[in-house]
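*Asks:* There's a structure below that I have some questions on.
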Amino acid sequence: MVVKMPLSILKDLVRRLIPFLVLLGLLLIYTAYFNMYYEWYGISLVTRAFIFMLSFYIIFNYASIDLEERREAYMSAFGKTGAWRLFFHSRILPFIIIFLMTVLYAFTEYTDSKNWLLDSVLALLDGEFANIIYYSLILLLVLKLKKNPGITVPLFVILSVSFYFLDQLAYESIQGGVGILVLKLIKVMILIYFLLLEFFSGSISYAIKKFIAVVLSVLLISFSAGMLHLVYIQASRGDQAKIQTGFLLMKYGFAYPMSYLEQEILRAPDYQDFARLLEYAEHADTDFTYSTEEWKSLLFAQNVHMADLVSRYLLHEHVILSYTQLVRYAAEKSESPDEKLEAATNFVKLTSRYCDGNEQDLMNRIKRGNEHFTLWGIGVIAQHRKIVYMPFLINYLTHIQSIYENAAYGALASITGKDPAGEFNRQVNDPGTILFFRDYYLQNRNNNI
């Protein structure tokens with residue numbers, strides 16, 4: 001029997017793929033161009049869909065190979081290693097080709113970033129585009145059943161959709177920490193195990209297949225984590241490579257970049273970076289080491305998004321702040337509508353903690369403030385929950401703008417714990433609603449709450 005040499009399987013496939021590969025090359029060029037100069041990602045979606053289609057076509061071609069005929073030929077030509085050579089050429093090689101296509105796509109996807117090469121490499125190490133490998137595995141296993149298309153297609157769709165939702169659920173449940181690394185390890189282990197199971201059937205025991213899958217998956221995940229660690233320790237301080245790999249290591253539960261990232265954020269505050277560090281620190285159960293003055297610096301360093309994130313952490317810490325600084329910062333940021341000061345709920349809660357003895361000053365500032373400061377101030381009052389604010393809020397129930405009426409009603413409901421408009425099916429500015437809150441104030445104004 002004539003043995004097709006190892007590369008002949010690949011050559012046969014490439015010959016069929018040439019038109020598709022040319023088209024893929026053009027799509028990748030267009031993707032890179034559009035991402036660099038336009039904010040329209042339709043071409044990226046088209047390219048990604050094409051890669052999925054091409055990947056499934058590759059799997060279909062390899063699944064059509066007569067393995068038994070090739071197995072005998074490979075065993076005759078290569079002896080004991082023949083089966084493993086065939087396994088590599090007919091099962092590992094197609095997944096390598098698919099992975100290489102995703103690598104090319106990753107490099108074009110991030111051309112809009114000034115650190116596009118770093119972002120692309122880190123995305124690949126993080127497994128951002130890896131799920132196409134698993135969809136391809138599902139197709140291979142379904143084709144192995146050799147059923148008619150009426151069964152094969154629905155089965156493939158059901159299994160792929162199920163995998164997608166289970167994968168999303170797993171990542172949302174774990175979110176960060178060592179669990180992410182374990183999840184990635186399990187996914188790689190499953191991939192390798194089912195490839196071995198599909199190809200070798202009963203020729204290798206289940207125990208050996210499991211052992212091989214465990215060893216190879218541990219090696220692959222260790223290599224990925226090791227590459228991140230190597231980049232982190234080799235990169236210079238302040239280099240984006242060090243910062244971004246530090247974040248990824250934190251994501252996987254390694255706490256040692258924490259101190260460095262803290263100082264980088266303090267040096268160049270950025271709310272997106274701080275949000276990531278806050279999330280990963282929570283998953284790694286690691287505390288920040290900032291001093292009170294450093295926390296103040298971060299709180300007032302950037303935009304309202306940053307202040308709200310810092311406030312979220314400070315709500316659970318014993319850091320003493322100044323009421324005057326907080327309201328002055330709020331007044332300053334209220335001048336910019338894009339800041340959306342009133343939506344910063346954590347900053348609102350934090351400010352309310354420092355309002356004791358400053359109730360009248362806060363009301364005076366609200367009277368003089370613009371719309372954003374007024375709504376923010378009423379939100380602070382709602383969190384402070386003092387009866388002394390009630391006459392001031394009741395006046396807003398008859399305001400010509402409903403946004404103030406609703407905000408004031410929400411604050412009054414928060415202070416009293418009552419919802420007369422909802423209970424009696426009235427409008428918030430209904431005379432009966434106003435009378436209810438006035439009576440409540442008169443009955444309870446001497447209560448120190």
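Identifiers in this document derive from the order of the structure tokens: chains are assigned A, B, ..., residues are numbered from 1 separately in each chain, and ligands are numbered from 1 in order of occurrence.
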From a DSSP pass on the backbone, collect the residues of stretch 237-358 of chain A flagged as helix (DSSP H, G or I) and hand them back as a PyMOL selection string.
*Replies:* chain A and resi 240-251+258-267+271-283+292-299+304-314+323-334+337-339+341-343+345-352
*Asks:* When you look at stretch 187-201 of chain A with a cut-off of 6 Å (counting only C-alpha atoms), what residues show up, excluding the ones that are within fewer than 6 positions of it in the same chain? I need them as a PyMOL selection string.
*Replies:* chain A and resi 213-214+217
*Asks:* Write out as a PyMOL selection string the residues lying within 12 Å of stretch 145-153 of chain A, counting only C-alpha atoms and excluding same-chain residues fewer than 4 positions away.
*Replies:* chain A and resi 60+63-64+138-141+157-160+198
*Asks:* Keeping only N, CA and C atoms, take the residues you just selected and write them out as a tab-separated table (two decimals), in the first residue's frame.
*Replies:*
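Result written to part16.tsv:
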chain	number	residue	atom	x	y	z
A	60	PHE	N	-14.41	19.52	8.47
A	60	PHE	CA	-15.19	18.60	7.64
A	60	PHE	C	-14.27	17.79	6.73
A	63	ALA	N	-12.29	15.33	8.87
A	63	ALA	CA	-13.16	14.27	9.39
A	63	ALA	C	-13.50	13.25	8.31
A	64	SER	N	-13.34	13.63	7.04
A	64	SER	CA	-13.67	12.74	5.92
A	64	SER	C	-12.53	11.77	5.59
A	138	ILE	N	-16.42	20.24	18.69
A	138	ILE	CA	-17.81	19.76	18.73
A	138	ILE	C	-18.22	19.26	17.35
A	139	LEU	N	-17.87	20.02	16.30
A	139	LEU	CA	-18.20	19.59	14.94
A	139	LEU	C	-17.52	18.27	14.60
A	140	LEU	N	-16.26	18.11	14.97
A	140	LEU	CA	-15.53	16.88	14.69
A	140	LEU	C	-16.21	15.68	15.35
A	141	LEU	N	-16.62	15.86	16.61
A	141	LEU	CA	-17.26	14.76	17.34
A	141	LEU	C	-18.63	14.42	16.75
A	157	VAL	N	-25.63	22.50	16.32
A	157	VAL	CA	-26.12	23.81	16.78
A	157	VAL	C	-26.47	23.76	18.26
A	158	ILE	N	-27.19	22.72	18.68
A	158	ILE	CA	-27.60	22.59	20.08
A	158	ILE	C	-26.38	22.48	21.00
A	159	LEU	N	-25.42	21.65	20.62
A	159	LEU	CA	-24.22	21.47	21.45
A	159	LEU	C	-23.37	22.75	21.50
A	160	SER	N	-23.28	23.45	20.37
A	160	SER	CA	-22.48	24.68	20.33
A	160	SER	C	-23.12	25.77	21.18
A	198	GLU	N	-11.60	10.46	20.46
A	198	GLU	CA	-12.16	10.33	19.11
A	198	GLU	C	-11.23	9.55	18.19
*Asks:* Give me the residues near A:Gly179 as JSON, numbers by chain, where near means some atom within 12 Å (using only C-alpha atoms) and where sequence neighbours in that chain fewer than 5 positions away do not count.
*Replies:* {"A": [170, 171, 172, 173, 174, 184, 185, 186, 250, 251, 252, 253, 254, 280, 283, 284]}
*Asks:* Go ahead and save the residues from that selection, with C-alpha atoms, as a PDB file, in the first residue's frame.
*Replies:*
ATOM      1  CA  ALA A 170     -18.779  29.591  34.259  1.00  0.00           C
ATOM      2  CA  TYR A 171     -16.782  32.779  33.650  1.00  0.00           C
ATOM      3  CA  GLU A 172     -19.505  34.994  35.125  1.00  0.00           C
ATOM      4  CA  SER A 173     -19.665  32.785  38.220  1.00  0.00           C
ATOM      5  CA  ILE A 174     -15.911  32.764  38.768  1.00  0.00           C
ATOM      6  CA  LYS A 184      -8.933  27.293  31.548  1.00  0.00           C
ATOM      7  CA  LEU A 185      -7.043  24.184  32.656  1.00  0.00           C
ATOM      8  CA  ILE A 186     -10.246  22.120  32.597  1.00  0.00           C
ATOM      9  CA  MET A 250      -3.899  39.541  39.012  1.00  0.00           C
ATOM     10  CA  LYS A 251      -6.885  38.259  37.044  1.00  0.00           C
ATOM     11  CA  TYR A 252      -5.542  34.724  37.415  1.00  0.00           C
ATOM     12  CA  GLY A 253      -5.141  35.087  41.175  1.00  0.00           C
ATOM     13  CA  PHE A 254      -1.442  36.032  41.411  1.00  0.00           C
ATOM     14  CA  TYR A 280      -8.984  41.575  40.739  1.00  0.00           C
ATOM     15  CA  HIS A 283     -11.107  38.179  43.845  1.00  0.00           C
ATOM     16  CA  ALA A 284      -7.567  37.708  45.152  1.00  0.00           C
TER      17      ALA A 284
END
*Asks:* Skipping near chain neighbours, those fewer than 4 positions away, what residues fall within 8 Å of A:Pro420 using only C-alpha atoms, listed as a compact mmCIF listing (two decimals) with N, CA and C atoms, in the first residue's frame?
*Replies:*
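For reference, around_12.txt as written:
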# COMPACT_ATOMS: atom_id res chain seq x y z
N PHE A 424 -51.42 55.07 47.72
CA PHE A 424 -52.75 55.63 47.45
C PHE A 424 -52.95 55.95 45.97
N ASN A 425 -52.03 55.48 45.11
CA ASN A 425 -52.13 55.66 43.67
C ASN A 425 -52.26 57.13 43.30
N ARG A 426 -51.34 57.95 43.82
CA ARG A 426 -51.35 59.38 43.54
C ARG A 426 -50.09 59.77 42.77
N THR A 433 -50.25 63.86 48.73
CA THR A 433 -48.89 63.39 48.98
C THR A 433 -48.10 64.43 49.76
N PHE A 436 -49.27 64.57 53.31
CA PHE A 436 -48.78 63.41 54.07
C PHE A 436 -47.38 63.67 54.63
*Asks:* Can you measure atom CA of A:Ser203 to atom CA of A:Val215 for me? One decimal in Å is fine.
*Replies:*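 Between atom CA of A:Ser203 and atom CA of A:Val215 the gap is 19.4 Å.
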*Asks:* Hey, which bits of stretch 94-204 of chain A sit within 9 Å of stretch 222-243 of chain A, and for each residue what's the closest pair of atoms and how far apart in Å (one decimal), counting only C-alpha atoms, rows by chain and increasing number, as a Markdown table?
*Replies:*
| residue | atom | partner | partner_atom | distance |
| --- | --- | --- | --- | --- |
| A:Asn115 | CA | A:Gln240 | CA | 7.9 |
| A:Leu118 | CA | A:Ala241 | CA | 6.7 |
| A:Asp119 | CA | A:Ala241 | CA | 8.8 |
| A:Leu122 | CA | A:Leu228 | CA | 8.2 |
| A:Leu125 | CA | A:Ser224 | CA | 6.0 |
| A:Asp126 | CA | A:Ser224 | CA | 8.2 |
| A:Leu181 | CA | A:Ala225 | CA | 8.9 |
*Asks:* Between atom CA of A:Pro94 and atom CA of A:Phe50, what is the spacing in Å?
*Replies:*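 So the answer is 16.3 Å.
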*Asks:* Taking only C-alpha atoms into account, which of A:Val327, A:Met36, A:Val46, A:Ile51 comes nearest A:Leu21?
*Replies:*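 Of the candidates, the smallest distance to A:Leu21 is held by A:Ile51.
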*Asks:* Excluding same-chain residues fewer than 4 positions from A:Ala32, what lies within 12 Å of it counting only C-alpha atoms, as a PyMOL selection string?
*Replies:* chain A and resi 25-28+36-41+43-44+47+104-113+116
*Asks:* Would you write out those residues with N, CA and C atoms, as a CSV table (one decimal), in the first residue's frame?
*Replies:*
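That gives us result-v6.csv:
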chain,number,residue,atom,x,y,z
A,25,GLY,N,-7.1,36.5,3.4
A,25,GLY,CA,-6.1,37.5,3.4
A,25,GLY,C,-6.6,38.9,3.1
A,26,LEU,N,-7.5,39.0,2.1
A,26,LEU,CA,-8.1,40.3,1.8
A,26,LEU,C,-9.0,40.8,2.9
A,27,LEU,N,-9.7,39.9,3.5
A,27,LEU,CA,-10.6,40.3,4.7
A,27,LEU,C,-9.8,40.8,5.9
A,28,LEU,N,-8.6,40.1,6.1
A,28,LEU,CA,-7.8,40.6,7.2
A,28,LEU,C,-7.2,41.9,7.0
A,36,MET,N,-8.2,50.7,12.0
A,36,MET,CA,-7.3,51.8,12.2
A,36,MET,C,-7.9,53.1,11.9
A,37,TYR,N,-8.8,53.2,10.9
A,37,TYR,CA,-9.3,54.5,10.5
A,37,TYR,C,-10.8,54.8,10.7
A,38,TYR,N,-11.5,53.8,11.1
A,38,TYR,CA,-13.0,53.9,11.2
A,38,TYR,C,-13.4,53.3,12.5
A,39,GLU,N,-14.6,53.8,13.0
A,39,GLU,CA,-15.2,53.2,14.2
A,39,GLU,C,-16.4,52.3,13.8
A,40,TRP,N,-16.2,51.5,12.8
A,40,TRP,CA,-17.2,50.6,12.3
A,40,TRP,C,-16.6,49.2,12.3
A,41,TYR,N,-17.2,48.3,13.1
A,41,TYR,CA,-16.7,47.0,13.3
A,41,TYR,C,-17.4,45.9,12.5
A,43,ILE,N,-16.9,45.0,9.4
A,43,ILE,CA,-15.9,44.2,8.7
A,43,ILE,C,-15.3,43.1,9.6
A,44,SER,N,-15.1,43.5,10.9
A,44,SER,CA,-14.5,42.5,11.8
A,44,SER,C,-15.4,41.4,12.0
A,47,THR,N,-15.3,39.1,9.0
A,47,THR,CA,-14.0,38.4,9.0
A,47,THR,C,-14.1,37.2,10.0
A,104,LEU,N,-3.8,35.5,13.3
A,104,LEU,CA,-3.8,36.6,12.3
A,104,LEU,C,-5.0,37.6,12.6
A,105,TYR,N,-6.1,37.0,12.9
A,105,TYR,CA,-7.3,37.9,13.2
A,105,TYR,C,-7.0,38.8,14.4
A,106,ALA,N,-6.4,38.2,15.4
A,106,ALA,CA,-6.1,39.0,16.6
A,106,ALA,C,-5.2,40.2,16.3
A,107,PHE,N,-4.2,40.0,15.5
A,107,PHE,CA,-3.3,41.0,15.1
A,107,PHE,C,-4.0,42.1,14.3
A,108,THR,N,-5.0,41.8,13.5
A,108,THR,CA,-5.8,42.8,12.8
A,108,THR,C,-6.8,43.5,13.7
A,109,GLU,N,-7.4,42.8,14.6
A,109,GLU,CA,-8.5,43.3,15.5
A,109,GLU,C,-8.0,44.4,16.3
A,110,TYR,N,-6.8,44.4,16.7
A,110,TYR,CA,-6.3,45.5,17.7
A,110,TYR,C,-5.4,46.6,17.0
A,111,THR,N,-5.6,46.7,15.7
A,111,THR,CA,-4.8,47.7,15.0
A,111,THR,C,-5.2,49.2,15.4
A,112,ASP,N,-6.4,49.3,16.0
A,112,ASP,CA,-6.8,50.6,16.5
A,112,ASP,C,-6.2,51.0,17.8
A,113,SER,N,-5.4,50.1,18.4
A,113,SER,CA,-4.7,50.4,19.6
A,113,SER,C,-3.3,50.8,19.4
A,116,TRP,N,-1.0,47.8,19.8
A,116,TRP,CA,-1.7,46.7,19.1
A,116,TRP,C,-1.0,45.4,19.2
